[in-house]
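Shown here: my_file.cif, mmCIF, C-alpha atoms.
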```
data_my_file
loop_
_atom_site.label_atom_id
_atom_site.label_comp_id
_atom_site.auth_asym_id
_atom_site.auth_seq_id
_atom_site.Cartn_x
_atom_site.Cartn_y
_atom_site.Cartn_z
CA MET L 1 0.00 0.00 0.00
CA ALA L 2 1.30 3.45 -0.89
CA ILE L 3 0.88 5.84 2.03
CA THR L 4 0.73 9.47 0.91
CA ASN L 5 0.81 12.75 2.80
CA LYS L 6 -2.46 14.63 2.68
CA TYR L 7 -2.27 17.02 5.59
CA MET L 8 -5.36 18.62 7.10
CA THR L 9 -3.95 22.10 6.52
CA LYS L 10 -7.17 23.84 7.57
CA ASN L 11 -7.36 22.01 10.91
CA ARG L 12 -6.13 23.89 13.98
CA CYS L 13 -3.72 21.07 14.86
CA TYR L 14 -1.86 21.87 11.66
CA LEU L 15 -2.34 25.65 11.73
CA TYR L 16 -1.09 26.03 15.32
CA ALA L 17 1.34 23.14 15.47
CA VAL L 18 2.68 21.90 18.82
CA LYS L 19 5.60 19.48 18.57
CA ILE L 20 5.51 16.22 20.56
CA LYS L 21 7.59 13.08 20.98
CA PRO L 22 5.11 10.19 20.69
CA GLU L 23 5.23 7.25 23.08
CA TYR L 24 2.30 5.25 21.67
CA ILE L 25 0.49 4.66 18.39
CA ILE L 26 -3.29 4.65 18.87
CA VAL L 27 -5.48 2.60 16.56
CA HIS L 28 -8.94 4.12 16.20
CA SER L 29 -11.97 3.12 14.19
CA THR L 30 -14.42 5.85 13.35
CA GLY L 31 -17.49 4.63 15.23
CA SER L 32 -19.53 5.84 12.28
CA ALA L 33 -20.13 4.57 8.78
CA VAL L 34 -17.84 7.18 7.24
CA GLY L 35 -16.66 4.70 4.63
CA THR L 36 -13.63 6.36 3.04
CA LYS L 37 -10.55 8.32 4.07
CA GLU L 38 -11.51 11.00 1.56
CA ARG L 39 -14.84 11.59 3.28
CA LEU L 40 -13.17 11.65 6.70
CA PHE L 41 -10.67 14.18 5.38
CA SER L 42 -13.40 16.44 4.00
CA ILE L 43 -15.28 16.41 7.31
CA TRP L 44 -12.28 17.10 9.57
CA ASN L 45 -10.15 19.39 7.45
CA THR L 46 -11.63 22.54 8.93
CA PRO L 47 -10.80 24.84 11.85
CA GLU L 48 -14.27 24.26 13.31
CA VAL L 49 -13.63 20.58 14.13
CA SER L 50 -11.93 19.67 17.41
CA ALA L 51 -10.51 16.42 16.09
CA CYS L 52 -7.46 15.53 14.05
CA PRO L 53 -5.72 12.15 13.74
CA HIS L 54 -2.32 11.63 12.16
CA GLY L 55 -3.63 9.27 9.51
CA ALA L 56 -6.62 7.47 8.05
CA THR L 57 -7.12 4.16 6.27
CA ASP L 58 -9.98 2.54 4.41
CA ALA L 59 -10.57 -0.35 2.00
CA THR L 60 -8.28 1.15 -0.66
CA GLY L 61 -5.27 2.61 1.17
CA GLY L 62 -4.03 5.17 3.66
CA ILE L 63 -3.06 8.82 4.07
CA ILE L 64 -1.02 10.78 6.61
CA THR L 65 -3.15 13.70 7.73
CA LEU L 66 -0.80 15.36 10.23
CA PRO L 67 3.01 15.27 10.62
CA LEU L 68 3.93 12.56 13.10
CA ASP L 69 5.66 15.01 15.45
CA TYR L 70 2.60 17.30 15.65
CA LYS L 71 0.11 17.10 18.51
CA GLY L 72 -3.24 15.82 17.33
CA TRP L 73 -6.75 15.71 18.82
CA HIS L 74 -7.73 12.08 18.83
CA VAL L 75 -7.52 10.38 22.22
CA GLY L 76 -8.29 12.95 24.91
CA ALA L 77 -6.34 15.76 26.54
CA ALA L 78 -3.96 13.63 28.61
CA GLY L 79 -3.04 11.34 25.73
CA ASN L 80 -2.73 13.85 22.90
CA ASN L 81 0.57 15.10 24.31
CA ARG L 82 2.22 11.66 24.10
CA THR L 83 0.56 9.75 21.27
CA ILE L 84 -0.07 9.69 17.55
CA GLY L 85 -3.02 7.87 16.06
CA PHE L 86 -4.94 6.97 12.94
CA GLU L 87 -8.55 6.22 12.11
CA ILE L 88 -9.75 3.08 10.36
CA CYS L 89 -12.80 4.19 8.39
CA GLU L 90 -15.66 1.83 9.18
CA PRO L 91 -17.60 0.70 6.10
CA PRO L 92 -20.63 2.58 4.78
CA GLN L 93 -22.83 -0.46 5.38
CA MET L 94 -21.98 -0.51 9.11
CA ALA L 95 -24.95 -0.32 11.49
CA TYR L 96 -25.10 0.25 15.25
CA VAL L 97 -27.49 -0.59 18.07
CA ALA L 98 -29.54 2.48 18.96
CA GLY L 99 -28.66 4.16 22.24
CA THR L 100 -25.14 2.70 22.49
CA HIS L 101 -23.26 5.74 21.12
CA ASN L 102 -22.20 3.50 18.21
CA SER L 103 -20.24 1.23 20.56
CA VAL L 104 -22.25 -1.91 19.72
CA VAL L 105 -22.66 -3.17 16.16
CA ASP L 106 -26.13 -4.21 15.00
CA THR L 107 -25.27 -7.64 13.61
CA GLY L 108 -28.77 -8.03 12.26
CA ALA L 109 -28.26 -5.14 9.83
CA TYR L 110 -24.48 -5.50 9.39
CA ILE L 111 -23.84 -9.23 9.09
CA PRO L 112 -20.22 -10.21 9.83
CA GLY L 113 -20.69 -13.60 8.16
CA ALA L 114 -21.63 -12.08 4.80
CA GLN L 115 -18.79 -12.65 2.32
CA GLU L 116 -18.81 -9.06 1.10
CA ASN L 117 -18.35 -7.83 4.66
CA ILE L 118 -15.59 -10.36 5.32
CA ASP L 119 -13.73 -9.25 2.19
CA ASP L 120 -14.21 -5.59 3.03
CA PHE L 121 -13.01 -6.09 6.60
CA ASN L 122 -9.91 -7.95 5.45
CA ARG L 123 -8.96 -5.08 3.14
CA ARG L 124 -9.46 -2.50 5.87
CA TRP L 125 -7.52 -4.67 8.33
CA ARG L 126 -4.58 -5.05 5.96
CA HIS L 127 -4.30 -1.35 5.23
CA ALA L 128 -4.53 -0.53 8.93
CA VAL L 129 -1.71 -3.00 9.66
CA GLU L 130 0.39 -1.33 6.97
CA MET L 131 -0.30 2.12 8.43
CA ALA L 132 0.73 0.99 11.91
CA ALA L 133 3.92 -0.56 10.53
CA TYR L 134 4.69 2.68 8.69
CA MET L 135 4.25 4.69 11.88
CA CYS L 136 6.50 2.27 13.77
CA ARG L 137 9.24 2.73 11.18
CA GLU L 138 8.91 6.51 11.11
CA THR L 139 8.89 6.99 14.88
CA GLY L 140 11.07 4.11 16.08
CA LEU L 141 8.26 2.84 18.31
CA GLY L 142 7.84 -0.91 18.79
CA VAL L 143 4.82 -3.11 18.27
CA GLY L 144 4.26 -3.21 22.03
CA ASN L 145 3.52 0.52 21.85
CA ILE L 146 0.52 0.03 19.56
CA VAL L 147 -2.80 0.16 21.44
CA CYS L 148 -6.37 0.86 20.48
CA HIS L 149 -8.45 3.68 21.96
CA ALA L 150 -10.18 1.36 24.44
CA GLU L 151 -6.84 -0.03 25.65
CA ALA L 152 -5.43 3.49 26.03
CA HIS L 153 -8.43 4.36 28.21
CA LYS L 154 -7.70 1.39 30.47
CA MET L 155 -4.09 2.59 30.69
CA GLY L 156 -5.33 5.93 32.00
CA PHE L 157 -4.52 8.42 29.27
CA ALA L 158 -7.49 8.32 26.90
CA SER L 159 -11.18 9.14 26.82
CA ASN L 160 -13.66 6.29 27.25
CA HIS L 161 -14.26 4.85 23.77
CA ALA L 162 -14.96 1.29 22.64
CA ASP L 163 -12.91 1.18 19.45
CA THR L 164 -11.68 -1.19 18.21
CA GLY L 165 -13.30 -3.75 20.54
CA HIS L 166 -16.79 -3.31 19.08
CA TRP L 167 -15.74 -4.34 15.57
CA PHE L 168 -12.61 -6.53 15.39
CA PRO L 169 -14.02 -9.48 17.41
CA LEU L 170 -16.93 -9.87 14.97
CA PHE L 171 -14.35 -11.21 12.53
CA GLY L 172 -12.39 -13.28 15.04
CA LYS L 173 -9.75 -10.57 15.49
CA ASN L 174 -8.43 -8.55 18.40
CA MET L 175 -5.60 -6.12 19.06
CA ASP L 176 -3.16 -8.93 19.80
CA ASP L 177 -3.78 -10.29 16.31
CA PHE L 178 -3.27 -6.78 14.96
CA ARG L 179 0.05 -6.32 16.73
CA ARG L 180 1.11 -9.79 15.59
CA ASP L 181 0.40 -8.90 11.95
CA VAL L 182 2.27 -5.60 12.27
CA ALA L 183 5.26 -7.50 13.68
CA LYS L 184 5.21 -9.90 10.73
CA LEU L 185 5.07 -7.01 8.29
CA LEU L 186 7.97 -5.25 9.94
CA ALA L 187 9.96 -8.47 9.52
CA GLY L 188 13.56 -7.82 10.57
CA THR L 189 13.09 -4.22 11.64
CA ASP L 190 11.29 -5.14 14.86
CA GLN L 191 11.33 -8.32 16.90
CA PRO L 192 8.60 -8.13 19.54
CA ALA L 193 7.56 -11.02 21.71
CA ALA L 194 4.31 -11.40 19.81
CA ASN L 195 2.78 -14.81 18.98
CA LYS L 196 4.26 -16.37 22.13
CA THR L 197 2.92 -17.87 25.30
CA GLY L 198 4.46 -17.91 28.73
CA ILE L 199 4.34 -19.48 32.17
CA VAL L 200 4.41 -17.29 35.28
CA LYS L 201 7.35 -18.31 37.49
CA THR L 202 5.92 -16.93 40.73
CA GLU L 203 2.78 -15.06 41.78
CA LEU L 204 2.82 -11.89 39.70
CA ASN L 205 0.77 -8.71 39.34
CA LEU L 206 -0.77 -7.79 35.99
CA ARG L 207 -0.75 -3.98 35.77
CA ASP L 208 -2.40 -1.42 33.50
CA ALA L 209 0.93 0.26 32.68
CA PRO L 210 4.45 -1.14 32.06
CA ASN L 211 5.92 -0.11 35.41
CA THR L 212 5.45 -0.80 39.13
CA GLY L 213 3.30 2.31 39.44
CA GLY L 214 0.61 0.81 37.23
CA ARG L 215 -2.70 -0.17 38.80
CA ILE L 216 -3.03 -3.91 39.51
CA VAL L 217 -5.79 -5.38 37.32
CA ALA L 218 -5.21 -9.06 38.20
CA VAL L 219 -2.93 -11.30 40.24
CA MET L 220 -1.52 -14.20 38.23
CA PRO L 221 -0.71 -17.33 40.26
CA GLN L 222 2.46 -19.34 39.86
CA ASN L 223 2.40 -21.54 36.72
CA ALA L 224 -0.41 -19.52 35.13
CA ARG L 225 -0.35 -19.56 31.33
CA VAL L 226 -0.38 -16.19 29.57
CA ASP L 227 -0.58 -15.02 25.97
CA ILE L 228 2.23 -12.55 25.21
CA ALA L 229 1.12 -9.72 22.95
CA GLY L 230 4.32 -7.72 22.67
CA ASP L 231 7.39 -6.11 24.18
CA ALA L 232 6.57 -2.93 26.13
CA GLY L 233 10.22 -1.98 26.75
CA ASN L 234 12.42 -1.91 29.84
CA GLY L 235 11.97 -5.65 30.32
CA TRP L 236 8.18 -5.46 30.57
CA LEU L 237 5.80 -7.54 28.46
CA ARG L 238 2.25 -6.90 27.30
CA LEU L 239 0.07 -9.88 28.29
CA ASN L 240 -3.40 -11.36 28.03
CA TYR L 241 -4.56 -13.25 31.10
CA GLY L 242 -8.04 -14.23 32.25
CA GLY L 243 -9.76 -11.99 29.72
CA LYS L 244 -7.73 -8.96 30.81
CA THR L 245 -4.87 -7.19 29.05
CA GLY L 246 -1.99 -5.61 30.96
CA TYR L 247 1.72 -5.59 31.67
CA ALA L 248 4.17 -7.56 33.79
CA ASN L 249 7.92 -7.74 34.27
CA GLY L 250 9.29 -10.27 31.80
CA LYS L 251 11.93 -11.66 34.15
CA TYR L 252 9.18 -13.46 36.07
CA ILE L 253 7.81 -15.20 32.96
CA THR L 254 9.18 -18.18 31.04
CA VAL L 255 8.54 -17.42 27.37
CA SER L 256 8.08 -19.98 24.59
CA ALA L 257 7.03 -19.63 20.97
CA ALA L 258 3.44 -20.52 20.21
CA SER L 259 2.78 -22.94 17.40
CA GLU L 260 1.54 -21.36 14.19
CA GLN L 261 -2.00 -22.46 13.44
CA ASP L 262 -5.12 -21.23 11.73
CA THR L 263 -7.59 -22.43 14.38
CA ILE L 264 -9.09 -19.72 16.55
CA TYR L 265 -10.78 -20.78 19.78
CA ARG L 266 -13.55 -18.80 21.45
CA VAL L 267 -15.55 -19.30 24.63
CA GLN L 268 -19.32 -19.30 24.19
CA ILE L 269 -21.47 -18.32 27.16
CA GLY L 270 -24.91 -18.28 25.63
CA ALA L 271 -27.03 -18.72 22.50
CA PHE L 272 -30.50 -17.28 21.88
CA THR L 273 -33.14 -17.06 19.19
CA GLU L 274 -34.16 -13.62 20.51
CA LYS L 275 -31.48 -10.99 19.89
CA GLN L 276 -32.49 -8.86 22.89
CA ASN L 277 -31.55 -11.76 25.16
CA ALA L 278 -28.10 -11.92 23.58
CA ASP L 279 -27.80 -8.14 23.94
CA ARG L 280 -28.62 -8.39 27.65
CA LEU L 281 -26.00 -11.10 28.21
CA LEU L 282 -23.41 -9.07 26.27
CA ALA L 283 -24.12 -6.03 28.42
CA ASP L 284 -23.84 -8.15 31.56
CA ILE L 285 -20.44 -9.61 30.73
CA ALA L 286 -19.11 -6.29 29.43
CA GLY L 287 -20.14 -4.75 32.76
CA LYS L 288 -17.85 -7.27 34.47
CA GLY L 289 -14.86 -6.03 32.47
CA TYR L 290 -14.75 -8.62 29.69
CA THR L 291 -14.40 -6.23 26.76
CA GLY L 292 -13.52 -9.02 24.32
CA ALA L 293 -17.12 -10.31 24.25
CA PHE L 294 -19.23 -10.07 21.10
CA ILE L 295 -22.30 -11.47 19.36
CA THR L 296 -22.21 -13.68 16.26
CA GLN L 297 -25.18 -15.08 14.44
CA ALA L 298 -25.86 -18.20 12.42
CA VAL L 299 -28.86 -19.95 10.89
CA VAL L 300 -29.54 -23.28 12.62
CA GLY L 301 -32.53 -25.38 11.59
CA GLY L 302 -33.97 -22.46 9.67
CA LYS L 303 -33.79 -20.13 12.68
CA THR L 304 -31.32 -17.35 13.41
CA VAL L 305 -29.29 -18.02 16.56
CA TYR L 306 -27.41 -15.23 18.34
CA ARG L 307 -24.29 -16.48 20.14
CA VAL L 308 -22.46 -14.55 22.82
CA GLN L 309 -18.76 -15.39 22.71
CA VAL L 310 -15.56 -14.20 24.36
CA GLY L 311 -12.03 -13.90 23.04
CA ALA L 312 -10.02 -15.20 20.10
CA PHE L 313 -7.30 -17.63 21.18
CA TYR L 314 -4.66 -19.46 19.15
CA ASP L 315 -3.91 -21.69 22.14
CA ALA L 316 -6.65 -24.13 23.18
CA LYS L 317 -5.29 -24.24 26.72
CA LEU L 318 -5.70 -20.47 27.05
CA ALA L 319 -9.27 -20.80 25.82
CA GLN L 320 -9.94 -23.49 28.42
CA ALA L 321 -8.45 -21.26 31.11
CA MET L 322 -10.84 -18.51 30.03
CA ARG L 323 -13.75 -20.96 30.17
CA LYS L 324 -12.90 -21.79 33.78
CA THR L 325 -12.60 -18.11 34.64
CA LEU L 326 -16.00 -17.36 33.11
CA ALA L 327 -17.59 -20.35 34.82
CA ALA L 328 -16.31 -19.02 38.14
CA ALA L 329 -17.75 -15.60 37.25
CA GLY L 330 -21.23 -17.10 36.96
CA TYR L 331 -21.36 -18.34 33.39
CA ALA L 332 -21.61 -22.02 34.25
CA ASP L 333 -22.59 -23.16 30.75
CA ALA L 334 -19.50 -21.64 29.09
CA PHE L 335 -17.69 -23.92 26.63
CA VAL L 336 -14.87 -23.66 24.09
CA THR L 337 -15.71 -23.57 20.39
CA GLU L 338 -13.69 -23.12 17.21
#
```
Can you give me the file's structure in the form of structure tokens?
Amino acid sequence: MAITNKYMTKNRCYLYAVKIKPEYIIVHSTGSAVGTKERLFSIWNTPEVSACPHGATDATGGIITLPLDYKGWHVGAAGNNRTIGFEICEPPQMAYVAGTHNSVVDTGAYIPGAQENIDDFNRRWRHAVEMAAYMCRETGLGVGNIVCHAEAHKMGFASNHADTGHWFPLFGKNMDDFRRDVAKLLAGTDQPAANKTGIVKTELNLRDAPNTGGRIVAVMPQNARVDIAGDAGNGWLRLNYGGKTGYANGKYITVSAASEQDTIYRVQIGAFTEKQNADRLLADIAGKGYTGAFITQAVVGGKTVYRVQVGAFYDAKLAQAMRKTLAAAGYADAFVTE
């Protein structure tokens, strides 16, 4: 993909430039059916709009909309001083559940299983991966410094948005898959710890930032299995454990390469013929902090079935560990599916 400069020269972030040194690359998705980078550009290239990312991608390619050392408006006041970010334009056929501030996709109107939507998503995914890799090369940041807006909020320096967690899981993807694909694209220029698993050597805290000052989000027992998403620097690793994403000191983890495979495992906690029942269960589990939950649908025996599922795991053992965690959280009928 050719990435071209098309700066938003009428936006105040360009007109009154403030130089920054970015620490993170934020992956956004528009949360609206904007469709194309050209349409996004036309809407935001004005001094009246209080928003400006550093790039945008769609199903055809990508553009840089702001120099990568300029402060943008994309993630909230605290984060704008230390991050750059780009928007993935969600497709024009995207639909959202009313009253959710476009944070929940209406999978009755926008059907993830439709081949045209699968093909469109794969194109948008690929161009977003290429944009992230480009930003890594240009800034010197590693794959472990790529987070989505929702992850940045959990880390304490972003506004409360759902992207990209409302969209990626519908196609069996998450941010760990994204970082893994960026790492593959970067090839020899970056060697993160992505696509690996690990065993915790001793009881260890999972924190929301890669340092001992980060808030503890979980305590991992000795011999716990973790999915390693990337290298966060200074010896810290980005991990997935028990449905939560965070950081831990790598010296307390034995790392091993995960086997390459195409099978993705998910944990299903419920299936309904009435979509409102699936929506209620999704809201319930999301309220307990499991942001990787989503709804899929399939036709079984001539009827549409709405399935509430959690996660996307390459390791069956990690999926089973999640099943046990969810069963303990009250979802007794949870089971692993491919």
List the neighbours of L:Asn122 out to 10 Å using only C-alpha atoms; skip same-chain residues closer than 6 positions along the sequence, and give me the result as number ranges by chain. L: 59, 116, 128, 171
Under the PyMOL selection byres ((chain L and resi 304) around 10), which residues of this model are included? Write them out as a short mmCIF file (atom, residue, chain, number, x, y, z; two decimals) with C-alpha atoms, keeping the file's coordinate frame.
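Result written to expr_12.cif:
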```cif
data_model
loop_
_atom_site.label_atom_id
_atom_site.label_comp_id
_atom_site.auth_asym_id
_atom_site.auth_seq_id
_atom_site.Cartn_x
_atom_site.Cartn_y
_atom_site.Cartn_z
CA GLY L 108 -28.77 -8.03 12.26
CA PHE L 272 -30.50 -17.28 21.88
CA THR L 273 -33.14 -17.06 19.19
CA GLU L 274 -34.16 -13.62 20.51
CA LYS L 275 -31.48 -10.99 19.89
CA GLN L 297 -25.18 -15.08 14.44
CA ALA L 298 -25.86 -18.20 12.42
CA VAL L 299 -28.86 -19.95 10.89
CA VAL L 300 -29.54 -23.28 12.62
CA GLY L 301 -32.53 -25.38 11.59
CA GLY L 302 -33.97 -22.46 9.67
CA LYS L 303 -33.79 -20.13 12.68
CA VAL L 305 -29.29 -18.02 16.56
CA TYR L 306 -27.41 -15.23 18.34
CA ARG L 307 -24.29 -16.48 20.14
#
```
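Atom CA of L:Phe86 is positioned 9.5 Å from atom CA of L:Met135.
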Residue by residue, what does the PyMOL selection byres ((chain L and resi 148) around 12) grab here? Present the result as a ChimeraX atom specification. /L:24-30,74-75,83-88,128,132,144-147,149-155,157-168,174-176,178-179,245
Let me see the file: selected residues, C-alpha atoms, as a JSON list (two decimals), keeping the file's coordinate frame.
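out_5.json written:
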```
[["chain", "number", "residue", "atom", "x", "y", "z"],
["L", 24, "TYR", "CA", 2.30, 5.25, 21.67],
["L", 25, "ILE", "CA", 0.49, 4.66, 18.39],
["L", 26, "ILE", "CA", -3.29, 4.65, 18.87],
["L", 27, "VAL", "CA", -5.48, 2.60, 16.56],
["L", 28, "HIS", "CA", -8.94, 4.12, 16.20],
["L", 29, "SER", "CA", -11.97, 3.12, 14.19],
["L", 30, "THR", "CA", -14.42, 5.85, 13.35],
["L", 74, "HIS", "CA", -7.73, 12.08, 18.83],
["L", 75, "VAL", "CA", -7.52, 10.38, 22.22],
["L", 83, "THR", "CA", 0.56, 9.75, 21.27],
["L", 84, "ILE", "CA", -0.07, 9.69, 17.55],
["L", 85, "GLY", "CA", -3.02, 7.87, 16.06],
["L", 86, "PHE", "CA", -4.94, 6.97, 12.94],
["L", 87, "GLU", "CA", -8.55, 6.22, 12.11],
["L", 88, "ILE", "CA", -9.75, 3.08, 10.36],
["L", 128, "ALA", "CA", -4.53, -0.53, 8.93],
["L", 132, "ALA", "CA", 0.73, 0.99, 11.91],
["L", 144, "GLY", "CA", 4.26, -3.21, 22.03],
["L", 145, "ASN", "CA", 3.52, 0.52, 21.85],
["L", 146, "ILE", "CA", 0.52, 0.03, 19.56],
["L", 147, "VAL", "CA", -2.80, 0.16, 21.44],
["L", 149, "HIS", "CA", -8.45, 3.68, 21.96],
["L", 150, "ALA", "CA", -10.18, 1.36, 24.44],
["L", 151, "GLU", "CA", -6.84, -0.03, 25.65],
["L", 152, "ALA", "CA", -5.43, 3.49, 26.03],
["L", 153, "HIS", "CA", -8.43, 4.36, 28.21],
["L", 154, "LYS", "CA", -7.70, 1.39, 30.47],
["L", 155, "MET", "CA", -4.09, 2.59, 30.69],
["L", 157, "PHE", "CA", -4.52, 8.42, 29.27],
["L", 158, "ALA", "CA", -7.49, 8.32, 26.90],
["L", 159, "SER", "CA", -11.18, 9.14, 26.82],
["L", 160, "ASN", "CA", -13.66, 6.29, 27.25],
["L", 161, "HIS", "CA", -14.26, 4.85, 23.77],
["L", 162, "ALA", "CA", -14.96, 1.29, 22.64],
["L", 163, "ASP", "CA", -12.91, 1.18, 19.45],
["L", 164, "THR", "CA", -11.68, -1.19, 18.21],
["L", 165, "GLY", "CA", -13.30, -3.75, 20.54],
["L", 166, "HIS", "CA", -16.79, -3.31, 19.08],
["L", 167, "TRP", "CA", -15.74, -4.34, 15.57],
["L", 168, "PHE", "CA", -12.61, -6.53, 15.39],
["L", 174, "ASN", "CA", -8.43, -8.55, 18.40],
["L", 175, "MET", "CA", -5.60, -6.12, 19.06],
["L", 176, "ASP", "CA", -3.16, -8.93, 19.80],
["L", 178, "PHE", "CA", -3.27, -6.78, 14.96],
["L", 179, "ARG", "CA", 0.05, -6.32, 16.73],
["L", 245, "THR", "CA", -4.87, -7.19, 29.05]]
```
Translate the PyMOL selection byres ((chain L and resi 222) around 10), as applied to the file shown, into an explicit residue set as number ranges by chain. L: 199-204, 219-221, 223-225, 252-253
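When only C-alpha atoms are used to measure the gap to L:Leu206, the shortest distance among L:Arg180, L:Lys244, L:Lys37, L:Lys21 belongs to L:Lys244.
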For the contact check between stretch 52-149 of chain L and stretch 9-12 of chain L, emit one row per residue of stretch 52-149 of chain L within 9 Å, containing the shortest atom pair and the distance in Å rounded to one decimal, counting all atoms listed in the file, chain then rising number order, as JSON lines.
```
{"residue": "L:Cys52", "atom": "CA", "partner": "L:Asn11", "partner_atom": "CA", "distance": 7.2}
{"residue": "L:Thr65", "atom": "CA", "partner": "L:Thr9", "partner_atom": "CA", "distance": 8.5}
{"residue": "L:Leu66", "atom": "CA", "partner": "L:Thr9", "partner_atom": "CA", "distance": 8.3}
```
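The shortest atom-to-atom distance to L:Asn80, with only C-alpha atoms taken into account, belongs to L:Leu68 out of L:Ala271, L:Ile63, L:Leu68, L:Ala133.
With atom CA of L:Tyr247 on one side and atom CA of L:Tyr134 on the other, the separation reads 24.6 Å.
Counting from atom CA of L:Asp120, the distance to atom CA of L:Thr337 is 25.0 Å.
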For L:Gly142, which residue out of L:Val105, L:Ala329, L:Leu186, L:Ala17 is the nearest one, using only C-alpha atoms? L:Leu186
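Environment of (-21.8, -24.2, 29.4): residues at most 12 Å away, judged by all atoms listed in the file, are Val267, Gln268, Ile269, Gly270, Ala271, Val308, Gln309, Gln320, Arg323, Lys324, Leu326, Ala327, Ala328, Gly330, Tyr331, Ala332, Asp333, Ala334, Phe335, Val336 and Thr337 of chain L.
Here the question is which of L:Cys89, L:Val310, L:Val226, L:Met8 gets nearest to L:Gly31 using all atoms listed in the file, and that residue is L:Cys89.
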Here's a test: counting only C-alpha atoms, identify every protein, DNA and RNA residue with an atom at most 9 Å from (-4.1, -1.7, 38.7) in the file's coordinate frame, and state them as a PyMOL selection string. chain L and resi 205-209+213-218+246
Could the centre and edge lengths of an axis-aligned box, enclosing all atoms of stretch 10-29 of chain L in the file with 3 Å extra on each side, be given in Å to one decimal as AutoDock Vina command-line options?
```
--center_x -2.2 --center_y 14.3 --center_z 15.3 --size_x 25.6 --size_y 29.4 --size_z 21.5
```
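If you measure from each of L:Lys19, L:His101, L:Arg280, L:Lys6 to L:Asp69 using only C-alpha atoms, the closest one turns out to be L:Lys19.
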Among L:Pro91, L:Gly62, L:Ala293, L:Ser32, L:Asp119 is approached most closely, using all atoms listed in the file, by L:Pro91
Output stretch 130-141 of chain L as an mmCIF file, in the coordinates of the input, making sure N, CA, C and O atoms are there.
```
data_model
loop_
_atom_site.group_PDB
_atom_site.id
_atom_site.type_symbol
_atom_site.label_atom_id
_atom_site.label_comp_id
_atom_site.auth_asym_id
_atom_site.auth_seq_id
_atom_site.Cartn_x
_atom_site.Cartn_y
_atom_site.Cartn_z
ATOM 1 N N GLU L 130 -0.682 -1.998 7.700
ATOM 2 C CA GLU L 130 0.390 -1.330 6.970
ATOM 3 C C GLU L 130 0.619 0.086 7.498
ATOM 4 O O GLU L 130 1.759 0.557 7.576
ATOM 5 N N MET L 131 -0.454 0.778 7.861
ATOM 6 C CA MET L 131 -0.300 2.120 8.430
ATOM 7 C C MET L 131 0.431 2.063 9.766
ATOM 8 O O MET L 131 1.331 2.877 10.038
ATOM 9 N N ALA L 132 0.067 1.110 10.609
ATOM 10 C CA ALA L 132 0.730 0.990 11.910
ATOM 11 C C ALA L 132 2.207 0.665 11.740
ATOM 12 O O ALA L 132 3.061 1.204 12.452
ATOM 13 N N ALA L 133 2.520 -0.225 10.796
ATOM 14 C CA ALA L 133 3.920 -0.560 10.530
ATOM 15 C C ALA L 133 4.688 0.662 10.039
ATOM 16 O O ALA L 133 5.836 0.897 10.438
ATOM 17 N N TYR L 134 4.066 1.442 9.189
ATOM 18 C CA TYR L 134 4.690 2.680 8.690
ATOM 19 C C TYR L 134 5.004 3.629 9.846
ATOM 20 O O TYR L 134 6.100 4.193 9.942
ATOM 21 N N MET L 135 4.047 3.791 10.751
ATOM 22 C CA MET L 135 4.250 4.690 11.880
ATOM 23 C C MET L 135 5.341 4.167 12.813
ATOM 24 O O MET L 135 6.104 4.954 13.387
ATOM 25 N N CYS L 136 5.420 2.851 12.964
ATOM 26 C CA CYS L 136 6.500 2.270 13.770
ATOM 27 C C CYS L 136 7.860 2.620 13.154
ATOM 28 O O CYS L 136 8.790 3.032 13.857
ATOM 29 N N ARG L 137 7.965 2.447 11.852
ATOM 30 C CA ARG L 137 9.240 2.730 11.180
ATOM 31 C C ARG L 137 9.614 4.211 11.299
ATOM 32 O O ARG L 137 10.776 4.558 11.542
ATOM 33 N N GLU L 138 8.638 5.070 11.127
ATOM 34 C CA GLU L 138 8.910 6.510 11.110
ATOM 35 C C GLU L 138 9.252 7.056 12.485
ATOM 36 O O GLU L 138 9.993 8.035 12.597
ATOM 37 N N THR L 139 8.699 6.456 13.525
ATOM 38 C CA THR L 139 8.890 6.990 14.880
ATOM 39 C C THR L 139 9.889 6.187 15.710
ATOM 40 O O THR L 139 10.347 6.664 16.751
ATOM 41 N N GLY L 140 10.201 4.963 15.284
ATOM 42 C CA GLY L 140 11.070 4.110 16.080
ATOM 43 C C GLY L 140 10.354 3.390 17.201
ATOM 44 O O GLY L 140 10.983 2.695 18.006
ATOM 45 N N LEU L 141 9.031 3.517 17.276
ATOM 46 C CA LEU L 141 8.260 2.840 18.310
ATOM 47 C C LEU L 141 8.093 1.360 17.963
ATOM 48 O O LEU L 141 8.033 0.983 16.795
#
```
